[in-house]
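The next block is work_13.csv, given as CSV, C-alpha atoms and all ligand atoms.
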chain,number,residue,atom,x,y,z
A,29,MET,CA,66.6,106.1,96.9
A,30,LEU,CA,70.1,107.2,97.9
A,31,ARG,CA,73.0,104.7,98.5
A,32,ILE,CA,75.5,105.4,101.3
A,33,ALA,CA,78.7,103.5,101.8
A,34,ILE,CA,79.8,103.0,105.4
A,35,GLN,CA,82.9,101.2,106.7
A,36,LYS,CA,81.9,97.6,107.4
A,37,SER,CA,84.0,97.0,110.5
A,38,GLY,CA,86.6,99.4,111.8
A,39,ARG,CA,87.1,102.7,113.6
A,40,LEU,CA,84.5,104.6,111.7
A,41,THR,CA,81.7,102.0,111.9
A,42,GLU,CA,80.2,102.6,115.3
A,43,GLU,CA,80.0,106.3,115.1
A,44,SER,CA,78.8,106.3,111.5
A,45,LEU,CA,75.8,104.1,112.5
A,46,GLU,CA,75.2,106.1,115.7
A,47,LEU,CA,75.0,109.3,113.6
A,48,MET,CA,72.4,107.7,111.3
A,49,GLN,CA,70.4,106.8,114.4
A,50,GLU,CA,70.7,110.3,115.8
A,51,CYS,CA,69.4,111.5,112.5
A,52,GLY,CA,66.3,109.4,113.1
A,53,ILE,CA,67.2,106.9,110.4
A,54,ASP,CA,66.3,103.3,111.4
A,55,PHE,CA,67.4,100.1,109.7
A,56,GLY,CA,68.1,96.6,110.7
A,57,LYS,CA,71.8,95.7,110.4
A,58,SER,CA,72.4,92.0,111.1
A,59,GLY,CA,75.9,90.5,111.3
A,60,GLY,CA,77.9,90.1,108.2
A,61,LYS,CA,75.3,91.6,105.8
A,62,LEU,CA,76.8,93.9,103.1
A,63,LYS,CA,73.5,95.8,102.5
A,64,ALA,CA,70.6,97.2,104.5
A,65,THR,CA,67.7,99.5,103.7
A,66,ALA,CA,66.3,102.2,106.0
A,67,TYR,CA,62.7,101.8,107.1
A,68,ASN,CA,61.9,105.4,107.4
A,69,PHE,CA,64.2,107.3,105.0
A,70,PRO,CA,65.0,106.7,101.3
A,71,LEU,CA,68.5,105.4,102.1
A,72,GLU,CA,70.3,102.1,101.3
A,73,PHE,CA,73.5,101.2,103.1
A,74,LEU,CA,76.5,99.4,101.6
A,75,PHE,CA,79.1,98.1,104.1
A,76,LEU,CA,82.6,98.2,102.7
A,77,ARG,CA,86.3,98.4,103.5
A,78,ASP,CA,87.1,102.1,104.1
A,79,ASP,CA,89.8,102.2,101.3
A,80,ASP,CA,87.2,101.1,98.7
A,81,ILE,CA,84.7,103.8,99.6
A,82,PRO,CA,86.1,106.7,97.5
A,83,GLU,CA,86.3,104.6,94.4
A,84,TYR,CA,82.8,103.1,94.9
A,85,VAL,CA,81.4,106.7,95.2
A,86,ALA,CA,83.4,107.9,92.2
A,87,ASP,CA,82.1,105.0,90.1
A,88,GLY,CA,78.5,105.5,91.1
A,89,VAL,CA,78.1,102.2,92.9
A,90,ALA,CA,77.3,104.4,96.0
A,91,ASP,CA,76.2,108.0,95.9
A,92,VAL,CA,77.7,109.2,99.1
A,93,GLY,CA,80.0,107.7,101.8
A,94,ILE,CA,81.4,108.2,105.2
A,95,ILE,CA,85.2,108.1,105.2
A,96,GLY,CA,88.3,109.4,107.0
A,97,GLU,CA,89.4,112.7,105.4
A,98,ASN,CA,92.9,111.2,105.2
A,99,VAL,CA,91.7,108.4,102.9
A,100,ILE,CA,89.9,110.7,100.5
A,101,ALA,CA,92.8,113.2,100.4
A,102,GLU,CA,95.1,110.3,99.6
A,103,GLU,CA,93.0,108.7,96.9
A,104,ARG,CA,91.4,111.8,95.3
A,105,SER,CA,94.0,112.2,92.5
A,106,SER,CA,93.6,108.6,91.3
A,107,LEU,CA,89.7,108.7,91.1
A,108,LEU,CA,88.3,108.8,87.6
A,109,GLN,CA,85.3,110.9,88.5
A,110,PRO,CA,85.1,113.9,90.9
A,111,VAL,CA,84.2,113.3,94.6
A,112,ASP,CA,83.7,116.1,97.0
A,113,ILE,CA,83.6,116.5,100.8
A,114,VAL,CA,80.0,117.8,101.5
A,115,GLU,CA,79.9,117.6,105.3
A,116,ARG,CA,82.5,117.4,108.1
A,117,LEU,CA,81.3,114.9,110.8
A,118,GLY,CA,83.5,115.7,113.8
A,119,PHE,CA,84.4,112.1,114.9
A,120,SER,CA,87.4,109.8,114.3
A,121,ARG,CA,89.7,112.8,114.6
A,122,CYS,CA,93.4,112.0,114.0
A,123,ARG,CA,96.5,113.5,112.4
A,124,LEU,CA,99.0,112.3,109.9
A,125,SER,CA,102.4,113.0,111.2
A,126,LEU,CA,106.1,112.5,110.5
A,127,ALA,CA,108.0,110.6,113.2
A,128,VAL,CA,111.7,109.7,113.7
A,129,PRO,CA,113.4,107.4,116.1
A,130,LYS,CA,113.9,108.8,119.6
A,131,GLY,CA,117.4,110.3,119.8
A,132,ALA,CA,117.8,110.8,116.0
A,133,ALA,CA,119.1,114.3,115.2
A,134,TYR,CA,116.1,116.4,113.9
A,135,SER,CA,116.0,120.1,113.8
A,136,GLY,CA,113.5,120.6,111.0
A,137,ILE,CA,111.9,119.2,107.9
A,138,GLN,CA,115.1,119.8,105.8
A,139,ASP,CA,116.8,117.1,107.8
A,140,LEU,CA,114.7,114.5,105.9
A,141,HIS,CA,116.4,115.4,102.7
A,142,GLY,CA,117.7,112.2,101.0
A,143,LYS,CA,116.2,110.0,103.7
A,144,ARG,CA,113.8,107.1,103.4
A,145,ILE,CA,110.3,107.6,104.8
A,146,ALA,CA,107.8,104.7,105.1
A,147,THR,CA,104.1,105.5,104.8
A,148,SER,CA,100.7,104.2,103.7
A,149,PHE,CA,99.9,107.7,102.5
A,150,PRO,CA,102.4,108.4,99.7
A,151,ASN,CA,100.3,111.1,97.9
A,152,ILE,CA,99.7,113.3,100.9
A,153,LEU,CA,103.4,112.9,101.9
A,154,LYS,CA,104.7,113.7,98.4
A,155,GLU,CA,102.7,116.9,98.3
A,156,PHE,CA,103.9,118.0,101.7
A,157,LEU,CA,107.5,117.3,100.9
A,158,ALA,CA,107.2,119.1,97.6
A,159,GLN,CA,105.7,122.2,99.4
A,160,HIS,CA,108.7,122.2,101.6
A,161,GLY,CA,111.2,121.6,98.9
A,162,VAL,CA,112.4,118.4,100.5
A,163,SER,CA,113.4,115.5,98.3
A,164,ALA,CA,113.1,112.1,100.1
A,165,GLU,CA,112.6,108.5,99.1
A,166,ILE,CA,109.0,107.5,99.9
A,167,HIS,CA,108.5,103.8,100.7
A,168,GLU,CA,104.9,102.8,100.5
A,169,ILE,CA,103.8,100.0,102.9
A,170,SER,CA,100.3,99.0,103.7
A,171,GLY,CA,100.5,98.3,107.4
A,172,SER,CA,102.7,98.3,110.5
A,173,VAL,CA,104.4,101.4,109.3
A,174,GLU,CA,105.7,102.1,112.8
A,175,ILE,CA,108.2,99.2,112.8
A,176,ALA,CA,109.9,100.4,109.5
A,177,PRO,CA,112.8,102.3,111.3
A,178,SER,CA,113.6,99.4,113.7
A,179,ILE,CA,113.9,96.9,110.9
A,180,GLY,CA,116.1,99.2,108.8
A,181,LEU,CA,113.6,99.9,106.1
A,182,ALA,CA,113.4,103.7,106.7
A,183,GLU,CA,114.8,106.6,108.7
A,184,ALA,CA,111.4,108.1,109.3
A,185,ILE,CA,107.7,107.3,109.1
A,186,CYS,CA,104.6,109.2,108.1
A,187,ASP,CA,101.5,107.6,109.8
A,188,ILE,CA,98.2,108.3,111.5
A,189,VAL,CA,98.5,109.4,115.2
A,190,SER,CA,95.7,109.6,117.7
A,191,SER,CA,96.8,109.2,121.3
A,192,GLY,CA,100.5,108.9,120.3
A,193,SER,CA,101.0,105.7,122.3
A,194,THR,CA,101.8,103.6,119.2
A,195,LEU,CA,104.7,105.9,118.4
A,196,LEU,CA,105.9,105.9,122.0
A,197,SER,CA,105.9,102.1,122.3
A,198,ASN,CA,107.9,101.9,119.1
A,199,GLY,CA,110.5,104.3,120.2
A,200,LEU,CA,109.4,107.1,117.8
A,201,VAL,CA,109.0,110.8,118.3
A,202,GLU,CA,106.4,112.9,116.4
A,203,VAL,CA,108.2,115.8,114.6
A,204,GLU,CA,105.7,117.3,112.1
A,205,THR,CA,101.9,117.2,111.7
A,206,ILE,CA,101.2,117.2,108.0
A,207,PHE,CA,97.4,116.7,107.9
A,208,ARG,CA,94.5,116.8,110.3
A,209,SER,CA,91.6,114.5,109.7
A,210,GLU,CA,88.1,113.7,110.8
A,211,ALA,CA,85.3,111.6,109.4
A,212,VAL,CA,83.6,113.3,106.4
A,213,LEU,CA,80.6,112.7,104.1
A,214,ILE,CA,81.7,112.5,100.5
A,215,SER,CA,79.5,112.7,97.4
A,216,ARG,CA,79.7,112.5,93.7
A,217,PRO,CA,77.6,114.9,91.5
A,218,LEU,CA,74.0,113.7,91.8
A,219,THR,CA,70.6,114.0,90.1
A,220,ALA,CA,68.2,116.6,91.5
A,221,ASP,CA,66.1,113.8,93.2
A,222,LYS,CA,69.1,112.3,95.0
A,223,GLN,CA,70.6,115.7,95.8
A,224,ARG,CA,67.3,116.5,97.7
A,225,ILE,CA,67.8,113.4,99.8
A,226,VAL,CA,71.5,114.4,100.5
A,227,ASP,CA,70.4,117.9,101.5
A,228,ASP,CA,67.8,116.4,103.9
A,229,LEU,CA,70.5,114.1,105.4
A,230,ARG,CA,72.9,117.0,105.7
A,231,PHE,CA,70.2,119.2,107.4
A,232,ARG,CA,69.7,116.4,110.0
A,233,ILE,CA,73.4,115.9,110.5
A,234,GLN,CA,73.9,119.6,111.1
A,235,SER,CA,71.0,119.7,113.6
A,236,VAL,CA,72.5,116.8,115.5
A,237,GLY,CA,76.0,118.4,115.4
A,238,ARG,CA,74.8,121.8,116.6
A,239,ALA,CA,72.9,120.2,119.5
A,240,LYS,CA,76.0,118.4,120.6
A,241,LYS,CA,77.8,121.7,120.8
A,242,THR,CA,75.2,123.3,123.1
A,243,LYS,CA,73.4,122.7,126.4
A,244,TYR,CA,70.0,123.8,127.5
A,245,ILE,CA,70.1,125.7,130.8
A,246,VAL,CA,67.4,126.5,133.3
A,247,LEU,CA,68.0,128.7,136.4
A,248,ASN,CA,66.3,130.8,139.0
A,249,ALA,CA,67.3,134.4,139.4
A,250,PRO,CA,66.3,137.2,141.7
A,251,ASN,CA,64.7,139.9,139.6
A,252,HIS,CA,67.2,142.6,140.5
A,253,ALA,CA,70.0,140.4,138.9
A,254,LEU,CA,68.0,139.6,135.7
A,255,GLU,CA,69.7,142.2,133.6
A,256,THR,CA,73.2,140.9,134.4
A,257,ILE,CA,72.2,137.3,134.0
A,258,ILE,CA,70.5,137.9,130.7
A,259,SER,CA,73.6,139.6,129.4
A,260,LEU,CA,75.6,136.4,130.2
A,261,LEU,CA,73.1,134.2,128.3
A,262,PRO,CA,72.9,135.1,124.6
A,263,GLY,CA,70.6,132.2,123.7
A,264,MET,CA,69.3,131.5,120.2
A,265,LYS,CA,67.5,134.8,120.2
A,266,SER,CA,67.3,135.9,123.8
A,267,PRO,CA,66.6,134.0,127.0
A,268,THR,CA,63.0,133.1,128.0
A,269,VAL,CA,62.1,134.7,131.4
A,270,THR,CA,59.0,133.6,133.4
A,271,PRO,CA,58.0,134.6,136.9
A,272,LEU,CA,58.3,132.1,139.7
A,273,ALA,CA,55.5,131.6,142.3
A,274,THR,CA,57.8,133.2,144.9
A,275,SER,CA,57.6,137.0,144.2
A,276,GLY,CA,60.8,138.8,143.2
A,277,TRP,CA,62.2,135.7,141.4
A,278,SER,CA,62.2,134.5,137.8
A,279,SER,CA,63.0,131.3,135.9
A,280,VAL,CA,65.4,131.9,133.0
A,281,HIS,CA,65.8,129.4,130.1
A,282,SER,CA,68.5,129.5,127.5
A,283,VAL,CA,71.1,127.6,125.5
A,284,VAL,CA,74.9,127.9,126.1
A,285,PRO,CA,77.8,126.7,123.9
A,286,GLU,CA,79.5,123.7,125.3
A,287,ASP,CA,83.0,125.2,125.0
A,288,THR,CA,82.2,128.2,127.2
A,289,PHE,CA,79.9,126.3,129.4
A,290,TRP,CA,81.8,126.1,132.7
A,291,GLU,CA,82.9,129.7,132.4
A,292,SER,CA,79.3,130.8,132.0
A,293,ILE,CA,78.1,128.8,135.0
A,294,GLY,CA,80.7,130.5,137.2
A,295,LYS,CA,79.7,133.9,136.1
A,296,LEU,CA,75.9,133.1,136.5
A,297,LYS,CA,76.4,131.9,140.1
A,298,GLU,CA,78.4,135.1,140.9
A,299,ALA,CA,75.6,137.2,139.5
A,300,GLY,CA,73.1,135.5,141.8
A,301,ALA,CA,71.7,132.5,139.8
A,302,GLU,CA,70.4,129.5,141.8
A,303,GLY,CA,69.1,126.0,141.1
A,304,ILE,CA,70.9,125.8,137.8
A,305,LEU,CA,69.8,122.8,135.7
A,306,VAL,CA,71.7,121.8,132.6
A,307,VAL,CA,70.1,119.5,130.1
A,308,PRO,CA,71.5,117.9,126.9
A,309,ILE,CA,69.8,119.0,123.6
A,310,GLU,CA,68.9,116.2,121.2
A,311,LYS,CA,68.5,118.3,118.0
A,312,MET,CA,68.7,122.0,117.2
A,313,ILE,CA,66.8,123.1,114.2
A,314,LEU,CA,67.5,126.6,112.9
A,401,LIG,O1,89.4,97.2,107.4
A,401,LIG,P1,89.3,98.6,106.8
A,401,LIG,O2,90.2,98.7,105.6
A,401,LIG,O3,87.9,99.0,106.5
A,401,LIG,O4,89.9,99.6,108.0
A,401,LIG,P2,91.3,100.1,108.3
A,401,LIG,O5,92.0,99.2,109.2
A,401,LIG,O6,92.0,100.5,107.0
A,401,LIG,O7,91.0,101.5,109.0
A,401,LIG,P3,90.7,101.8,110.5
A,401,LIG,O8,89.3,101.3,110.9
A,401,LIG,O9,91.8,101.5,111.4
A,401,LIG,O10,90.6,103.4,110.4
A,401,LIG,C1,89.6,104.1,109.7
A,401,LIG,C2,89.9,105.6,109.9
A,401,LIG,O11,89.8,106.0,111.2
A,401,LIG,C3,91.2,106.1,109.4
A,401,LIG,O12,91.3,106.3,108.0
A,401,LIG,C4,91.4,107.4,110.1
A,401,LIG,O13,90.7,108.4,109.4
A,401,LIG,C5,90.6,107.2,111.4
A,401,LIG,N1,91.5,107.0,112.6
A,401,LIG,C6,91.3,107.7,113.8
A,401,LIG,C7,92.5,106.2,112.8
A,401,LIG,C8,93.0,106.3,114.1
A,401,LIG,N2,92.2,107.3,114.7
A,401,LIG,C9,94.2,105.6,114.5
A,401,LIG,N3,94.6,105.8,115.6
A,401,LIG,N4,93.1,105.3,111.9
A,401,LIG,C10,94.1,104.5,112.4
A,401,LIG,N5,94.7,104.7,113.6
A,401,LIG,C11,95.9,103.8,113.9
A,401,LIG,C12,97.2,104.3,113.2
A,401,LIG,O14,97.3,103.7,112.0
A,401,LIG,C13,98.3,103.7,114.2
A,401,LIG,O15,98.6,102.4,113.9
A,401,LIG,O16,96.1,103.7,115.3
A,401,LIG,C14,97.5,103.8,115.5
A,401,LIG,C15,97.9,105.1,116.2
A,401,LIG,O17,97.0,105.3,117.3
A,401,LIG,P4,97.6,105.9,118.7
A,401,LIG,O18,96.3,106.2,119.5
A,401,LIG,O19,98.5,104.9,119.3
A,401,LIG,O20,98.3,107.2,118.3
A,402,ZN,ZN,91.4,100.4,105.3
Full structure transcribed into C-alpha cells:
Amino acid sequence: MLRIAIQKSGRLTEESLELMQECGIDFGKSGGKLKATAYNFPLEFLFLRDDDIPEYVADGVADVGIIGENVIAEERSSLLQPVDIVERLGFSRCRLSLAVPKGAAYSGIQDLHGKRIATSFPNILKEFLAQHGVSAEIHEISGSVEIAPSIGLAEAICDIVSSGSTLLSNGLVEVETIFRSEAVLISRPLTADKQRIVDDLRFRIQSVGRAKKTKYIVLNAPNHALETIISLLPGMKSPTVTPLATSGWSSVHSVVPEDTFWESIGKLKEAGAEGILVVPIEKMIL
C-alpha cells in the first residue's frame, strides 16, 4: 500500500483528484475526512494543508505527494530527508515574480539593492538575489503580501502570479519572473514494493498526459491526394488507411498533436481532405 498526500482544500485539490480519477483510481472521499483508501489500486490518501506535504513525505508519514513546485523548492533545504520531484503534472501553473508599485523607478534587478522585499518565499528569493549579486532585506510574511508596499512595510514584493489581476488591483507592476511552477508529484526514497506502485502510477499519469496533448483524427480523402495527406499526418507509427465504399476514396485515421492541430487541419483541407472528425483521446499507451 502506498500513501499519497493531497491538498485538503485549495487550488490543487480538484485537479489532483481529477487526475486520480483519470488514472482509473476510484475512492470515496466524503466531506472533511482526512483519509481515504482506493478501491481498485493499492493507494491510501491523506488530505493535508499544502505547506505540510513536503515535510510529511520527508518524514515518511506519506510516501508521495502532489504539491506546487514553488512549495517544494522553498521548503527543500529545511527537510531532514531527501524528497525528489518524480513527475511534472502540468496543472496549477503559476509564476513567482517580483513586483514594485506602479510608477516606481525600476530599470533592472540592481535597483532592488538595499530595498525591503516582502514575500512568503524567502529561500527562493534569497537564492535569486544571491545569483544576481543583489543584497536586499527580505521580510517574510505569510499572507496578503501584495499589500506590503501600500502599508509601508516594503518597497517591493515577491509573490505568486497567475492572471496578474491581484497585482493590478493593488497598484503593482510585475518586473521579474524568478520561478515558474506547476503541480508536481514528489517522492521520498522507497522500498522496491512501494516503488513498483509509484512506477505504475507514473505510467498511468504519463498515459493520461500524452492523451491530453493529442487528438484522434478521422477524415475522407480522394486516393490521388493520399500521399500528400499522409505526409501531413505523422501518427504514432503511420496513419491507418482503409478504402471507402465509394471508389477512389479512402478513410484515414491518425493522431495529431494538440499544439499544431489547427495548422494541420488547414493543410489537410487544402490537400483535399473532407468530412474531418476530431475525437479526444482518453489514454495513450506507448
Ligand atoms: O490551505 P492551504 O495551505 O492548503 O493552501 P494555500 O492557501 O497555501 O495554497 P493555495 O491553495 O492558494 O495554492 C496552492 C498552490 O497553487 C500554490 O502553491 C501554487 O503552486 C498554485 N497556484 C496557482 C497559486 C496560484 N495559481 C495563485 N494565483 N497559488 C496562489 N495564487 C494566489 C497568489 O498568492 C496571489 O494572491 O493568487 C493570487 C494571484 O493570482 P492572480 O490570478 O490574481 O495573478
Ligand atoms: Zn498553504
For each of A:Ile34, A:Gly52, A:Leu45, A:Ile113, take the minimum atom-to-atom distance to Pro217 in chain A, counting only C-alpha atoms, then give the residue where this is smallest.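 That would be A:Ile113, the residue with the smallest distance to Pro217 in chain A.
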Could you tell me, as a ChimeraX atom specification, which residues have any atom at most 9 Å from (113.3, 100.6, 122.4), counting only C-alpha atoms? /A:130,178,197-200
Around ligand ZN 402 (chain A), at most 6 Å away and counting all atoms listed in the file, which residues are there? Put them as a ChimeraX atom specification, please. /A:77-79
Could you list the protein, DNA and RNA residues that have any atom within 8 Å of ligand LIG 401 (chain A), counting only C-alpha atoms and all ligand atoms, and write them as a ChimeraX atom specification? /A:35-41,76-80,95-99,120-123,171-174,187-196,209-211
Closest of A:Gly303, A:Thr147, A:Gly131, A:Glu286 to Gly237 in chain A - atom-to-atom distances counting all atoms listed in the file: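 For Gly237 in chain A, the nearest of the given residues is A:Glu286.
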In Å, rounded to a single decimal, give me how far CA of Ala239 in chain A is from CA of Arg31 in chain A.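 Spanning CA of Arg31 in chain A to CA of Ala239 in chain A is a straight-line distance of 26.1 Å.
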As a list in words, please: the residues near Ile233 in chain A (cut-off 12 Å, all atoms listed in the file, same-chain neighbours under 5 positions excluded). Ser44, Glu46, Leu47, Met48, Gln49, Glu50, Cys51, Gly52, Ile53, Val114, Glu115, Arg116, Leu117, Gly118, Val212, Leu213, Val226, Asp227, Asp228, Arg238, Ala239, Lys240, Glu310, Lys311, Met312 and Ile313 of chain A
Could you write those residues out with C-alpha atoms, as a PDB file, in the frame of the given file?
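Final output, saved to again-v9.pdb:
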ATOM      1  CA  SER A  44      78.800 106.300 111.500  1.00  0.00           C
ATOM      2  CA  GLU A  46      75.200 106.100 115.700  1.00  0.00           C
ATOM      3  CA  LEU A  47      75.000 109.300 113.600  1.00  0.00           C
ATOM      4  CA  MET A  48      72.400 107.700 111.300  1.00  0.00           C
ATOM      5  CA  GLN A  49      70.400 106.800 114.400  1.00  0.00           C
ATOM      6  CA  GLU A  50      70.700 110.300 115.800  1.00  0.00           C
ATOM      7  CA  CYS A  51      69.400 111.500 112.500  1.00  0.00           C
ATOM      8  CA  GLY A  52      66.300 109.400 113.100  1.00  0.00           C
ATOM      9  CA  ILE A  53      67.200 106.900 110.400  1.00  0.00           C
ATOM     10  CA  VAL A 114      80.000 117.800 101.500  1.00  0.00           C
ATOM     11  CA  GLU A 115      79.900 117.600 105.300  1.00  0.00           C
ATOM     12  CA  ARG A 116      82.500 117.400 108.100  1.00  0.00           C
ATOM     13  CA  LEU A 117      81.300 114.900 110.800  1.00  0.00           C
ATOM     14  CA  GLY A 118      83.500 115.700 113.800  1.00  0.00           C
ATOM     15  CA  VAL A 212      83.600 113.300 106.400  1.00  0.00           C
ATOM     16  CA  LEU A 213      80.600 112.700 104.100  1.00  0.00           C
ATOM     17  CA  VAL A 226      71.500 114.400 100.500  1.00  0.00           C
ATOM     18  CA  ASP A 227      70.400 117.900 101.500  1.00  0.00           C
ATOM     19  CA  ASP A 228      67.800 116.400 103.900  1.00  0.00           C
ATOM     20  CA  ARG A 238      74.800 121.800 116.600  1.00  0.00           C
ATOM     21  CA  ALA A 239      72.900 120.200 119.500  1.00  0.00           C
ATOM     22  CA  LYS A 240      76.000 118.400 120.600  1.00  0.00           C
ATOM     23  CA  GLU A 310      68.900 116.200 121.200  1.00  0.00           C
ATOM     24  CA  LYS A 311      68.500 118.300 118.000  1.00  0.00           C
ATOM     25  CA  MET A 312      68.700 122.000 117.200  1.00  0.00           C
ATOM     26  CA  ILE A 313      66.800 123.100 114.200  1.00  0.00           C
TER      27      ILE A 313
END
note - CA of Val236 in chain A and CA of Pro82 in chain A are separated by 24.7 Å
Which polymer residues have any atom within 12 Å of an atom of Ile145 in chain A, counting all atoms listed in the file, with same-chain residues fewer than 3 positions away left out, as a PyMOL selection string? chain A and resi 125-129+139-142+148-150+153-154+157+162-169+173-177+180-187
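Contact shell of Asp112 in chain A at 8 Å (only C-alpha atoms; same-chain neighbours under 4 positions omitted): Ile214, Ser215 and Arg216 of chain A.
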Check the smallest atom-to-atom distance from each of A:Leu124, A:Leu71, A:Thr274, A:Phe55 to Thr205 in chain A using all atoms listed in the file, then report the winner. A:Leu124
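For the atom pair formed by CA of Ile152 in chain A and CA of Val201 in chain A, the distance is 19.9 Å, given to one decimal.
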